[in-house]
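Q: Got a structure for you, work_37.cif, holding mmCIF, C-alpha atoms.
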```cif
data_entry
loop_
_atom_site.label_atom_id
_atom_site.label_comp_id
_atom_site.auth_asym_id
_atom_site.auth_seq_id
_atom_site.Cartn_x
_atom_site.Cartn_y
_atom_site.Cartn_z
CA MET A 1 34.91 2.33 -5.86
CA MET A 2 37.20 3.52 -3.09
CA GLY A 3 38.55 6.36 -5.24
CA GLY A 4 35.09 7.83 -5.68
CA ALA A 5 34.32 7.44 -2.00
CA ARG A 6 37.57 9.11 -1.05
CA ALA A 7 36.89 12.06 -3.35
CA ILE A 8 33.39 12.61 -1.92
CA LEU A 9 34.69 12.27 1.64
CA ARG A 10 37.46 14.77 0.90
CA LYS A 11 34.90 17.20 -0.51
CA ASP A 12 32.66 16.84 2.58
CA LEU A 13 35.54 17.33 5.00
CA LEU A 14 36.76 20.33 3.05
CA ILE A 15 33.30 21.91 3.10
CA GLU A 16 33.06 21.27 6.84
CA LEU A 17 36.51 22.78 7.45
CA ARG A 18 35.64 25.89 5.41
CA THR A 19 32.08 26.52 6.56
CA LYS A 20 32.38 25.01 10.09
CA GLU A 21 28.68 24.22 10.08
CA SER A 22 27.92 20.81 11.57
CA VAL A 23 30.59 19.97 14.15
CA PRO A 24 30.63 23.28 16.07
CA ALA A 25 26.82 23.26 16.11
CA MET A 26 26.79 19.72 17.48
CA VAL A 27 29.34 20.57 20.18
CA LEU A 28 27.45 23.68 21.18
CA PHE A 29 24.22 21.68 21.28
CA SER A 30 25.80 19.00 23.51
CA VAL A 31 27.05 21.51 26.05
CA THR A 32 23.67 23.26 26.05
CA VAL A 33 21.96 19.95 26.74
CA TYR A 34 24.34 19.34 29.68
CA VAL A 35 23.25 22.68 31.11
CA LEU A 36 19.60 21.71 30.55
CA PHE A 37 20.16 18.40 32.34
CA HIS A 38 21.92 20.16 35.22
CA PHE A 39 18.85 22.32 35.82
CA GLY A 40 16.31 19.72 34.76
CA LEU A 41 17.65 17.12 37.17
CA ASP A 42 18.83 19.72 39.69
CA ARG A 43 22.07 17.82 40.21
CA ASP A 44 25.62 19.16 40.29
CA SER A 45 27.29 15.85 39.55
CA LEU A 46 26.08 12.56 38.14
CA ASP A 47 27.31 9.01 38.37
CA GLY A 48 26.29 5.50 37.34
CA GLU A 49 23.11 5.07 35.35
CA LEU A 50 22.17 8.74 35.35
CA ALA A 51 25.60 9.80 34.06
CA SER A 52 25.74 7.28 31.23
CA GLY A 53 22.12 7.98 30.31
CA VAL A 54 22.66 11.75 30.13
CA LEU A 55 25.88 11.35 28.15
CA TRP A 56 24.39 8.98 25.57
CA VAL A 57 21.09 10.75 25.12
CA THR A 58 23.00 14.00 24.58
CA LEU A 59 25.41 12.45 22.06
CA LEU A 60 22.59 10.79 20.10
CA LEU A 61 20.54 14.00 20.02
CA ALA A 62 23.63 15.85 18.78
CA ALA A 63 24.00 13.16 16.11
CA VAL A 64 20.51 14.07 14.86
CA ILE A 65 21.87 17.51 13.92
CA GLY A 66 24.76 15.97 12.01
CA VAL A 67 22.46 13.56 10.18
CA SER A 68 20.00 16.24 9.14
CA ARG A 69 22.88 18.35 7.75
CA LEU A 70 24.54 15.42 5.98
CA PHE A 71 23.09 16.10 2.54
CA ALA A 72 22.64 19.85 3.11
CA ALA A 73 25.36 21.00 0.71
CA GLU A 74 24.13 18.71 -2.05
CA ARG A 75 20.54 19.81 -1.60
CA GLU A 76 20.91 23.53 -1.21
CA GLN A 77 23.53 24.10 -3.89
CA GLY A 78 22.15 21.52 -6.32
CA GLY A 79 25.31 19.46 -6.03
CA ILE A 80 23.27 16.29 -5.83
CA ASP A 81 22.77 16.32 -9.61
CA GLY A 82 26.51 16.49 -10.10
CA LEU A 83 27.03 13.58 -7.72
CA LEU A 84 24.38 11.47 -9.40
CA LEU A 85 25.68 12.23 -12.88
CA ALA A 86 29.24 11.37 -11.91
CA PRO A 87 30.27 7.79 -12.74
CA VAL A 88 30.31 6.82 -9.07
CA ASP A 89 28.10 4.04 -7.72
CA ARG A 90 25.76 4.61 -4.81
CA THR A 91 27.75 2.36 -2.50
CA SER A 92 30.75 4.67 -2.62
CA LEU A 93 28.43 7.60 -1.93
CA PHE A 94 27.13 5.71 1.10
CA VAL A 95 30.64 4.84 2.29
CA ALA A 96 31.74 8.47 1.92
CA LYS A 97 28.73 9.90 3.74
CA ALA A 98 28.96 7.35 6.55
CA ALA A 99 32.70 7.99 6.91
CA ALA A 100 32.10 11.75 7.02
CA LEU A 101 29.47 11.28 9.72
CA PHE A 102 31.80 8.96 11.65
CA LEU A 103 34.54 11.59 11.62
CA PHE A 104 32.13 14.38 12.59
CA LEU A 105 30.87 12.33 15.54
CA THR A 106 34.43 11.55 16.64
CA ALA A 107 35.33 15.24 16.46
CA VAL A 108 32.24 16.14 18.51
CA GLU A 109 33.02 13.50 21.14
CA LEU A 110 36.61 14.77 21.47
CA VAL A 111 35.11 17.91 22.99
CA ALA A 112 31.74 16.76 24.31
CA VAL A 113 32.95 13.80 26.40
CA PRO A 114 35.68 15.76 28.25
CA ALA A 115 33.16 18.58 28.69
CA PHE A 116 30.78 16.08 30.24
CA ALA A 117 33.52 14.83 32.57
CA VAL A 118 34.26 18.39 33.68
CA LEU A 119 30.71 19.69 33.95
CA LEU A 120 28.59 16.83 35.23
CA LEU A 121 30.47 13.60 35.91
CA GLY A 122 31.16 12.84 39.58
CA PRO A 123 33.79 10.07 39.44
CA GLY A 124 36.79 10.60 37.15
CA LEU A 125 36.98 8.93 33.78
CA GLY A 126 40.70 8.09 33.92
CA GLY A 127 40.61 4.37 34.69
CA ALA A 128 37.81 3.49 32.32
CA LEU A 129 39.09 5.36 29.27
CA PRO A 130 40.09 2.38 27.05
CA GLU A 131 36.69 0.71 27.49
CA LEU A 132 34.90 3.99 26.83
CA LEU A 133 36.89 4.55 23.63
CA VAL A 134 35.90 1.12 22.32
CA ILE A 135 32.23 1.80 23.10
CA LEU A 136 32.40 5.23 21.45
CA ALA A 137 34.04 3.82 18.31
CA LEU A 138 31.46 1.03 17.94
CA ALA A 139 28.62 3.47 18.62
CA ASN A 140 29.93 5.93 16.03
CA LEU A 141 30.06 3.16 13.45
CA GLY A 142 26.44 2.23 14.11
CA VAL A 143 25.22 5.83 14.13
CA ALA A 144 27.18 6.53 10.93
CA ALA A 145 25.59 3.61 9.07
CA VAL A 146 22.05 4.29 10.26
CA GLY A 147 22.52 8.05 9.95
CA ALA A 148 23.69 7.95 6.33
CA LEU A 149 20.75 5.72 5.43
CA VAL A 150 18.22 7.95 7.23
CA ALA A 151 19.72 11.11 5.72
CA ALA A 152 19.37 9.65 2.23
CA LEU A 153 15.82 8.46 2.96
CA ALA A 154 14.79 11.90 4.18
CA ALA A 155 16.72 13.89 1.57
CA GLU A 156 13.99 13.72 -1.04
CA THR A 157 10.99 14.30 1.21
CA ARG A 158 9.21 17.56 1.82
CA ALA A 159 9.19 17.21 5.62
CA ARG A 160 12.93 16.49 5.90
CA GLU A 161 13.54 18.20 9.24
CA LEU A 162 10.65 16.25 10.69
CA ILE A 163 11.55 12.86 9.27
CA VAL A 164 15.19 12.71 10.38
CA PRO A 165 14.69 12.78 14.18
CA LEU A 166 11.48 10.75 14.05
CA LEU A 167 13.13 8.04 11.99
CA LEU A 168 16.60 8.11 13.50
CA LEU A 169 15.81 8.06 17.21
CA PRO A 170 13.65 4.89 17.30
CA LEU A 171 16.22 3.15 15.11
CA LEU A 172 18.89 4.09 17.65
CA VAL A 173 17.07 2.61 20.65
CA PRO A 174 18.97 -0.72 20.59
CA LEU A 175 22.23 1.19 20.25
CA LEU A 176 21.32 3.45 23.16
CA ILE A 177 20.50 0.40 25.30
CA ALA A 178 23.85 -1.22 24.55
CA CYS A 179 25.89 1.99 25.03
CA ALA A 180 24.16 3.17 28.18
CA GLN A 181 24.36 -0.27 29.79
CA ALA A 182 28.01 -0.71 28.83
CA THR A 183 29.01 2.74 30.09
CA GLU A 184 27.02 2.66 33.31
CA PRO A 185 29.50 0.54 35.39
CA LEU A 186 32.40 2.68 34.11
CA MET A 187 30.83 5.78 35.62
CA ARG A 188 30.20 4.43 39.08
CA GLN A 189 32.33 5.40 42.06
CA ASP A 190 33.75 1.87 42.23
CA ALA A 191 34.46 1.84 38.51
CA GLY A 192 35.05 -1.44 36.75
CA PRO A 193 33.74 -3.10 33.62
CA GLU A 194 30.81 -5.41 34.15
CA GLU A 195 29.09 -7.55 31.55
CA LEU A 196 30.98 -5.41 29.07
CA GLY A 197 31.28 -8.26 26.57
CA ARG A 198 27.55 -8.74 26.34
CA TRP A 199 26.89 -5.10 25.46
CA LEU A 200 29.83 -4.84 23.09
CA GLY A 201 28.45 -7.96 21.42
CA LEU A 202 25.05 -6.36 21.01
CA LEU A 203 26.66 -3.18 19.73
CA SER A 204 28.71 -5.13 17.18
CA LEU A 205 25.63 -7.06 16.06
CA TYR A 206 23.79 -3.77 15.58
CA ASP A 207 26.70 -2.35 13.56
CA VAL A 208 27.01 -5.41 11.34
CA VAL A 209 23.26 -5.57 10.65
CA PHE A 210 22.91 -1.91 9.78
CA VAL A 211 26.12 -1.60 7.75
CA LEU A 212 25.13 -4.58 5.60
CA LEU A 213 21.51 -3.45 5.36
CA SER A 214 22.43 0.11 4.41
CA VAL A 215 24.85 -1.05 1.73
CA ALA A 216 22.17 -3.38 0.37
CA VAL A 217 19.35 -0.83 0.12
CA PHE A 218 21.29 2.37 -0.58
CA ASP A 219 21.32 1.64 -4.32
CA PHE A 220 17.59 2.28 -4.46
CA LEU A 221 17.81 5.73 -2.91
CA LEU A 222 18.85 8.89 -4.71
CA GLU A 223 18.22 7.32 -8.10
CA ASP A 224 17.19 9.29 -11.19
CA MET B 1 -7.51 -9.07 -9.43
CA TYR B 2 -7.22 -8.82 -5.66
CA SER B 3 -10.84 -9.71 -4.91
CA LYS B 4 -10.42 -13.38 -5.82
CA GLY B 5 -11.61 -15.57 -2.94
CA LEU B 6 -12.49 -12.58 -0.80
CA VAL B 7 -16.01 -13.75 0.07
CA PRO B 8 -15.09 -17.25 1.33
CA LEU B 9 -12.13 -15.73 3.18
CA ALA B 10 -14.38 -13.17 4.89
CA ALA B 11 -16.86 -15.92 5.78
CA ALA B 12 -14.06 -18.05 7.24
CA ALA B 13 -12.84 -15.07 9.29
CA VAL B 14 -16.33 -14.42 10.68
CA VAL B 15 -16.86 -18.09 11.59
CA THR B 16 -13.41 -18.46 13.19
CA ILE B 17 -13.66 -15.27 15.23
CA THR B 18 -17.17 -16.16 16.42
CA THR B 19 -15.94 -19.62 17.39
CA ALA B 20 -12.92 -18.11 19.13
CA LEU B 21 -15.12 -15.72 21.15
CA ALA B 22 -17.45 -18.57 22.09
CA LEU B 23 -14.46 -20.63 23.21
CA VAL B 24 -12.99 -17.71 25.16
CA PHE B 25 -16.16 -17.10 27.15
CA PHE B 26 -17.70 -20.58 27.51
CA TYR B 27 -14.93 -23.13 27.08
CA ALA B 28 -11.55 -21.86 28.26
CA PRO B 29 -11.13 -22.05 32.06
CA ASN B 30 -10.45 -18.93 34.13
CA ASP B 31 -6.79 -18.42 34.93
CA ALA B 32 -5.93 -19.57 38.47
CA ASP B 33 -3.91 -16.41 39.32
CA GLN B 34 -5.47 -13.66 37.29
CA GLY B 35 -9.06 -14.82 36.95
CA PHE B 36 -11.37 -13.51 34.26
CA VAL B 37 -9.06 -10.65 33.23
CA GLN B 38 -6.58 -13.10 31.76
CA LYS B 39 -9.05 -13.71 28.90
CA ILE B 40 -7.80 -10.49 27.24
CA PHE B 41 -4.78 -12.64 26.45
CA TYR B 42 -6.77 -14.38 23.71
CA ILE B 43 -7.17 -11.14 21.79
CA HIS B 44 -4.02 -9.24 22.84
CA VAL B 45 -1.40 -11.86 21.98
CA PRO B 46 -2.87 -12.98 18.62
CA MET B 47 -3.12 -9.33 17.56
CA ALA B 48 0.51 -8.74 18.56
CA ILE B 49 1.71 -11.83 16.68
CA VAL B 50 -0.30 -10.94 13.57
CA ALA B 51 0.87 -7.30 13.67
CA LEU B 52 4.53 -8.34 13.86
CA CYS B 53 4.02 -10.84 11.04
CA GLY B 54 2.35 -8.03 9.06
CA PHE B 55 5.38 -5.76 9.57
CA VAL B 56 7.72 -8.53 8.45
CA ALA B 57 5.45 -9.32 5.48
CA GLY B 58 5.58 -5.63 4.56
CA GLY B 59 9.39 -5.92 4.45
CA VAL B 60 9.23 -9.07 2.30
CA PHE B 61 6.82 -7.44 -0.17
CA ALA B 62 9.14 -4.42 -0.26
CA ILE B 63 12.07 -6.66 -1.20
CA ARG B 64 9.99 -8.12 -4.02
CA HIS B 65 9.13 -4.59 -5.15
CA LEU B 66 12.76 -3.48 -5.28
CA ARG B 67 13.72 -6.72 -7.05
CA SER B 68 11.00 -6.57 -9.70
CA GLY B 69 10.22 -2.87 -9.96
CA ASP B 70 6.53 -3.78 -9.97
CA ARG B 71 4.69 -1.14 -7.93
CA SER B 72 1.82 -3.46 -6.99
CA TRP B 73 4.23 -5.10 -4.50
CA ASP B 74 4.76 -1.72 -2.88
CA MET B 75 1.00 -1.37 -2.59
CA ARG B 76 0.85 -4.80 -0.87
CA SER B 77 3.63 -3.73 1.48
CA TYR B 78 1.92 -0.42 2.26
CA VAL B 79 -1.44 -2.04 3.06
CA ALA B 80 0.20 -4.72 5.24
CA ILE B 81 2.09 -2.09 7.26
CA HIS B 82 -0.96 0.15 7.46
CA LEU B 83 -3.12 -2.64 8.92
CA SER B 84 -0.33 -3.72 11.26
CA ILE B 85 -0.06 -0.20 12.67
CA ILE B 86 -3.79 -0.21 13.40
CA LEU B 87 -3.48 -3.61 15.07
CA GLY B 88 -0.40 -2.33 16.91
CA LEU B 89 -2.41 0.49 18.46
CA ALA B 90 -4.98 -2.07 19.62
CA VAL B 91 -2.16 -4.24 21.03
CA LEU B 92 -0.78 -1.32 23.07
CA ILE B 93 -4.24 -0.44 24.40
CA THR B 94 -5.18 -4.03 25.34
CA GLY B 95 -1.70 -4.49 26.80
CA ALA B 96 -2.16 -1.44 29.02
CA ILE B 97 -5.59 -2.68 30.14
CA TRP B 98 -4.17 -6.10 30.96
CA ALA B 99 -1.23 -4.56 32.84
CA LYS B 100 -3.58 -2.34 34.86
CA ALA B 101 -5.87 -5.24 35.72
CA SER B 102 -3.26 -7.79 36.69
CA TRP B 103 -0.33 -5.69 37.99
CA GLY B 104 -2.08 -2.46 38.93
CA HIS B 105 -0.19 -0.16 36.54
CA TRP B 106 -1.17 1.08 33.08
CA TRP B 107 2.37 0.80 31.85
CA LEU B 108 5.28 -1.36 32.96
CA TRP B 109 8.76 -0.66 31.63
CA ASP B 110 10.00 -4.04 32.78
CA GLU B 111 7.75 -5.94 30.40
CA PRO B 112 10.17 -6.32 27.47
CA VAL B 113 7.67 -7.49 24.86
CA LEU B 114 5.40 -4.51 25.44
CA VAL B 115 8.31 -2.03 25.49
CA SER B 116 9.80 -3.47 22.29
CA PHE B 117 6.41 -3.28 20.72
CA LEU B 118 6.13 0.41 21.62
CA VAL B 119 9.49 1.19 20.01
CA VAL B 120 8.54 -0.75 16.86
CA PHE B 121 5.17 1.02 16.78
CA LEU B 122 6.80 4.46 17.10
CA LEU B 123 9.18 3.65 14.26
CA TYR B 124 6.44 2.41 11.94
CA CYS B 125 4.31 5.49 12.62
CA VAL B 126 6.96 7.46 10.70
CA TYR B 127 6.04 5.42 7.61
CA TYR B 128 3.10 7.75 6.91
CA PRO B 129 4.92 11.13 6.98
CA LEU B 130 7.77 9.60 5.00
CA ARG B 131 5.55 8.05 2.36
CA PHE B 132 3.19 10.96 1.90
CA SER B 133 5.82 13.68 1.76
CA ILE B 134 7.22 12.21 -1.46
CA GLU B 135 5.16 13.16 -4.48
CA ASP B 136 6.72 11.29 -7.37
CA PRO B 137 4.92 7.89 -7.34
CA ASP B 138 7.95 5.82 -8.39
CA ARG B 139 10.21 7.45 -5.83
CA GLN B 140 7.50 7.17 -3.18
CA ALA B 141 7.25 3.44 -3.77
CA ARG B 142 11.02 2.96 -3.73
CA TYR B 143 11.67 5.00 -0.59
CA SER B 144 8.76 3.37 1.23
CA SER B 145 10.19 -0.02 0.33
CA VAL B 146 13.61 0.91 1.68
CA PHE B 147 11.94 2.01 4.90
CA ALA B 148 9.90 -1.20 5.10
CA ILE B 149 13.02 -3.36 4.69
CA THR B 150 15.06 -1.36 7.22
CA ALA B 151 12.27 -1.39 9.79
CA GLY B 152 11.59 -5.09 9.16
CA ALA B 153 15.22 -5.90 9.97
CA PHE B 154 15.06 -3.60 13.00
CA VAL B 155 12.16 -5.52 14.60
CA PRO B 156 14.12 -8.64 15.74
CA LEU B 157 17.20 -6.59 16.66
CA ASN B 158 15.10 -4.34 18.86
CA PHE B 159 13.47 -7.31 20.58
CA ILE B 160 16.91 -8.78 21.38
CA ALA B 161 18.19 -5.46 22.76
CA VAL B 162 15.17 -4.74 24.95
CA ARG B 163 15.11 -8.33 26.23
CA LEU B 164 18.81 -8.06 27.16
CA ALA B 165 18.20 -4.77 28.98
CA GLU B 166 15.73 -6.60 31.21
CA LYS B 167 16.98 -6.60 34.76
CA TYR B 168 13.99 -7.84 36.66
CA THR B 169 12.54 -10.85 34.98
CA HIS B 170 8.84 -10.38 35.11
CA PRO B 171 6.60 -13.44 34.92
CA ARG B 172 5.97 -13.63 31.22
CA VAL B 173 2.55 -15.04 30.60
CA LEU B 174 3.16 -15.96 27.00
CA SER B 175 6.20 -18.13 27.58
CA GLN B 176 4.87 -19.40 30.90
CA THR B 177 1.53 -20.51 29.66
CA GLY B 178 2.88 -21.28 26.21
CA GLY B 179 5.00 -24.02 27.68
CA SER B 180 2.44 -25.52 30.01
CA MET B 181 -0.85 -24.13 28.76
CA PRO B 182 -3.76 -26.47 29.57
CA GLY B 183 -5.31 -28.04 26.47
CA GLU B 184 -8.48 -25.94 26.55
CA MET B 185 -6.52 -22.70 26.77
CA ARG B 186 -4.16 -23.69 24.00
CA LEU B 187 -7.01 -24.65 21.67
CA THR B 188 -8.81 -21.37 22.36
CA PHE B 189 -5.61 -19.41 21.80
CA LEU B 190 -4.86 -21.14 18.50
CA VAL B 191 -8.41 -20.60 17.22
CA ALA B 192 -8.19 -16.90 18.21
CA LEU B 193 -4.83 -16.59 16.47
CA LEU B 194 -6.24 -18.15 13.32
CA GLY B 195 -9.26 -15.84 13.52
CA VAL B 196 -7.18 -12.67 13.81
CA ALA B 197 -4.87 -13.86 11.01
CA LEU B 198 -7.84 -14.55 8.72
CA LEU B 199 -9.31 -11.16 9.58
CA PHE B 200 -5.99 -9.52 8.74
CA VAL B 201 -5.75 -11.24 5.35
CA THR B 202 -9.39 -10.42 4.57
CA LEU B 203 -8.93 -6.73 5.38
CA TRP B 204 -5.66 -6.68 3.46
CA LYS B 205 -7.30 -8.08 0.34
CA LEU B 206 -10.31 -5.80 0.76
CA GLU B 207 -8.13 -2.70 1.06
CA LEU B 208 -6.06 -3.74 -1.95
CA THR B 209 -9.25 -4.27 -3.97
CA ALA B 210 -10.55 -0.86 -2.96
CA LYS B 211 -7.23 0.84 -3.76
CA HIS B 212 -7.07 -0.94 -7.11
CA ALA B 213 -10.66 0.05 -7.96
CA SER B 214 -10.14 3.70 -7.07
CA MET B 215 -6.94 3.85 -9.11
CA GLN B 216 -8.77 2.35 -12.07
CA LEU B 217 -11.58 4.86 -11.64
CA LYS B 218 -9.09 7.72 -11.63
CA ARG B 219 -7.48 6.38 -14.79
CA LEU B 220 -10.88 6.11 -16.54
CA ARG B 221 -11.87 9.63 -15.46
CA ASN B 222 -8.63 11.02 -16.84
CA ARG B 223 -9.23 9.22 -20.10
CA ALA B 224 -12.80 10.57 -20.26
CA ARG B 225 -11.52 14.08 -19.62
CA VAL B 226 -8.95 13.78 -22.36
CA ALA B 227 -11.58 12.44 -24.76
CA ALA B 228 -14.02 15.24 -23.97
#
```
Can you turn what I pasted into structure tokens?
A:
Amino acid sequence: MMGGARAILRKDLLIELRTKESVPAMVLFSVTVYVLFHFGLDRDSLDGELASGVLWVTLLLAAVIGVSRLFAAEREQGGIDGLLLAPVDRTSLFVAKAAALFLFLTAVELVAVPAFAVLLLGPGLGGALPELLVILALANLGVAAVGALVAALAAETRARELIVPLLLLPLLVPLLIACAQATEPLMRQDAGPEELGRWLGLLSLYDVVFVLLSVAVFDFLLED
Amino acid sequence: MYSKGLVPLAAAAVVTITTALALVFFYAPNDADQGFVQKIFYIHVPMAIVALCGFVAGGVFAIRHLRSGDRSWDMRSYVAIHLSIILGLAVLITGAIWAKASWGHWWLWDEPVLVSFLVVFLLYCVYYPLRFSIEDPDRQARYSSVFAITAGAFVPLNFIAVRLAEKYTHPRVLSQTGGSMPGEMRLTFLVALLGVALLFVTLWKLELTAKHASMQLKRLRNRARVAA
């Protein structure tokens, strides 16, 4: 199973490296949204709740772009038939797509989070970096699982571009709650983790539920 | 096939809802704090409970569909979710009216049950564009079932998350009065809950019967056209 997943993941990463489609677009989108928030809120620097809210809403909106492009190569070039004909089970396809999305999100955050710190964040991020990395990793896992499922659900519909954001964003509300609440104390002037365990617990619960659920139902998508 | 027992069920729903309304207006006492307005509770909360149960039932039917491959389970799931969305809209409207009357605002973000319900409602609204943008009937049924299962699992998770995000604990009427509801209120509430549940099942069966009949009609018409 893992061999098939690795091959599909390698193919997706290779396509992304050659075409440079999703990740640069997501980064560009994130920075644009920071600019929008700067003017929309009319604030030069943010801290606390506002900072973590702006960061997470931006990252999740950028994730929408990645999710809606996740099956783009398969769809536009007809590669989906090849994938479905190959003797690879759907679970490895799910694992590969979720892993690709996880890596894309990580790559985006490598640029978008420092950009946020430079452009909008008032207090420095230095002291709270380990906690933030844990939150980002758990969040990426959740978004990757839900995102791969939503991308597969929307792949066969006519109104694909419409379905992905409408379906993905409500599903991400619990994740946004956990991430924004966990990050908020880290971005205050008197930084320090606070009730971090509770939110990491919620985030882990979300990840476990959606990873298991996606693996369970993915077999029924992209059949025939 | 689906119409079995529909008439007695409909009659039971009518009798129970009439009884519930009579109890609400003539039997249950006025709430000490909120007065007459609190009586919207007897329609708002049962509708919310029945709608959530309908969403979960839609997920359970969807599991049976994916297990058996029998598309009639998908139809059951679709009708359950469809009716729950309609009830959900009524829940949001009655909730807003209640909030306006007792707290002075149409919408309160610190009422976790209502906020969770809004998120769930927004998610389930996507069921329609998803379902009806897939043409192949088998694929439509399968994808709708996957959605129904995912969303069904999302419902409890979302309630936990929104409840945890609650900073200011608002007086929650359901749990407050649920624990120490006077006997008259509790009886009225239970009768109203039963009434709404019976109404839901009646409408569900009715809609399934209608869908089944129209599908049969279409099949017969096709056969007639082929014969002619």
Q: What's the 9 Å shell around A:Cys179, counting all atoms listed in the file, without same-chain residues fewer than 5 positions away, as a tab-separated table (two decimals) with C-alpha atoms, keeping the file's coordinate frame?
A:
```
chain	number	residue	atom	x	y	z
A	52	SER	CA	25.74	7.28	31.23
A	53	GLY	CA	22.12	7.98	30.31
A	56	TRP	CA	24.39	8.98	25.57
A	135	ILE	CA	32.23	1.80	23.10
A	136	LEU	CA	32.40	5.23	21.45
A	139	ALA	CA	28.62	3.47	18.62
A	174	PRO	CA	18.97	-0.72	20.59
A	184	GLU	CA	27.02	2.66	33.31
A	199	TRP	CA	26.89	-5.10	25.46
A	200	LEU	CA	29.83	-4.84	23.09
A	203	LEU	CA	26.66	-3.18	19.73
```
Q: Taking all atoms listed in the file into account, which residues of chain A are within 6 Å of chain B, as a VMD selection string?
A: chain A and resid 157 to 158 170 174
Q: Name every residue that the PyMOL selection byres ((chain A and resi 121) around 10) selects in this structure, writing the answer as an mmCIF file with C-alpha atoms, in the frame of the given file with chains first and numbers rising.
A:
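Full text of result_14.cif as output:
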```
data_model
loop_
_atom_site.group_PDB
_atom_site.id
_atom_site.type_symbol
_atom_site.label_atom_id
_atom_site.label_comp_id
_atom_site.auth_asym_id
_atom_site.auth_seq_id
_atom_site.Cartn_x
_atom_site.Cartn_y
_atom_site.Cartn_z
ATOM 1 C CA ASP A 44 25.620 19.160 40.290
ATOM 2 C CA SER A 45 27.290 15.850 39.550
ATOM 3 C CA LEU A 46 26.080 12.560 38.140
ATOM 4 C CA ASP A 47 27.310 9.010 38.370
ATOM 5 C CA GLY A 48 26.290 5.500 37.340
ATOM 6 C CA LEU A 50 22.170 8.740 35.350
ATOM 7 C CA ALA A 51 25.600 9.800 34.060
ATOM 8 C CA SER A 52 25.740 7.280 31.230
ATOM 9 C CA VAL A 54 22.660 11.750 30.130
ATOM 10 C CA LEU A 55 25.880 11.350 28.150
ATOM 11 C CA VAL A 113 32.950 13.800 26.400
ATOM 12 C CA PRO A 114 35.680 15.760 28.250
ATOM 13 C CA ALA A 115 33.160 18.580 28.690
ATOM 14 C CA PHE A 116 30.780 16.080 30.240
ATOM 15 C CA ALA A 117 33.520 14.830 32.570
ATOM 16 C CA VAL A 118 34.260 18.390 33.680
ATOM 17 C CA LEU A 119 30.710 19.690 33.950
ATOM 18 C CA LEU A 120 28.590 16.830 35.230
ATOM 19 C CA GLY A 122 31.160 12.840 39.580
ATOM 20 C CA PRO A 123 33.790 10.070 39.440
ATOM 21 C CA GLY A 124 36.790 10.600 37.150
ATOM 22 C CA LEU A 125 36.980 8.930 33.780
ATOM 23 C CA MET A 187 30.830 5.780 35.620
ATOM 24 C CA ARG A 188 30.200 4.430 39.080
#
```
Q: Run the PyMOL selection byres ((chain B and resi 75) around 12) against the file shown and list the residues it catches, as a ChimeraX atom specification.
A: /B:2,58-59,61-62,64-65,69-74,76-82,131,137-138,140-142,144-145,148,204-205,207-212,215
Q: Counting all atoms listed in the file, what is within 10 Å of A:Phe94, bar same-chain residues fewer than 5 positions away, as a ChimeraX atom specification?
A: /A:5,8,89,99-100,144-145,148-149,152,211,214-215,218-219
Q: Could the residues in this selection be written to a file with C-alpha atoms, as a PDB file, keeping the file's coordinate frame?
A:
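Saved file again06.pdb follows:
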```pdb
ATOM      1  CA  ALA A   5      34.320   7.440  -2.000  1.00  0.00           C
ATOM      2  CA  ILE A   8      33.390  12.610  -1.920  1.00  0.00           C
ATOM      3  CA  ASP A  89      28.100   4.040  -7.720  1.00  0.00           C
ATOM      4  CA  ALA A  99      32.700   7.990   6.910  1.00  0.00           C
ATOM      5  CA  ALA A 100      32.100  11.750   7.020  1.00  0.00           C
ATOM      6  CA  ALA A 144      27.180   6.530  10.930  1.00  0.00           C
ATOM      7  CA  ALA A 145      25.590   3.610   9.070  1.00  0.00           C
ATOM      8  CA  ALA A 148      23.690   7.950   6.330  1.00  0.00           C
ATOM      9  CA  LEU A 149      20.750   5.720   5.430  1.00  0.00           C
ATOM     10  CA  ALA A 152      19.370   9.650   2.230  1.00  0.00           C
ATOM     11  CA  VAL A 211      26.120  -1.600   7.750  1.00  0.00           C
ATOM     12  CA  SER A 214      22.430   0.110   4.410  1.00  0.00           C
ATOM     13  CA  VAL A 215      24.850  -1.050   1.730  1.00  0.00           C
ATOM     14  CA  PHE A 218      21.290   2.370  -0.580  1.00  0.00           C
ATOM     15  CA  ASP A 219      21.320   1.640  -4.320  1.00  0.00           C
TER      16      ASP A 219
END
```
Q: I'd like the contact shell of B:Leu52 - 8 Å cut-off, all atoms listed in the file, skipping same-chain residues fewer than 4 positions apart - returned as a ChimeraX atom specification.
A: /B:48,56,84
Q: Any chance you could work out the residue set of the PyMOL selection byres ((chain A and resi 22) around 12) here, as an MDAnalysis selection string?
A: chainID A and resid 12:13 15:21 23:29 62:73 100:101 103:105 107:108
Q: Do you have the atom CA of B:Phe55-atom CA of B:Ile86 distance handy?
A: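 If I compute the distance from atom CA of B:Phe55 to atom CA of B:Ile86, I get 11.4 Å.
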Q: How far is it from atom CA of A:Val35 to atom CA of A:Leu186, in Å with one decimal?
A: 22.2 Å
Q: Please list as number ranges by chain every residue within 6 Å of stretch 90-102 of chain B, counting all atoms listed in the file and excluding residues in the same chain fewer than 3 positions away.
A: B: 44, 48, 87, 105-107
Q: Report, as lines of an AutoDock Vina configuration file, the axis-aligned box around all atoms of stretch 213-222 of chain A present in the file, extended by 5 Å on each side; give centre and edge lengths in Å to one decimal place.
A:
```
center_x = 21.2
center_y = 2.7
center_z = 0.3
size_x = 17.3
size_y = 22.3
size_z = 20.1
```
Q: With C-alpha atoms as the atom set, please write stretch 74-78 of chain B from the structure just given, as a compact mmCIF listing (two decimals), in the first residue's frame.
A:
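Final file, selection.txt:
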```
# COMPACT_ATOMS: atom_id res chain seq x y z
CA ASP B 74 -29.77 6.90 -0.02
CA MET B 75 -33.28 8.16 -0.75
CA ARG B 76 -34.16 7.76 2.96
CA SER B 77 -31.00 9.63 3.90
CA TYR B 78 -31.72 12.42 1.42
```
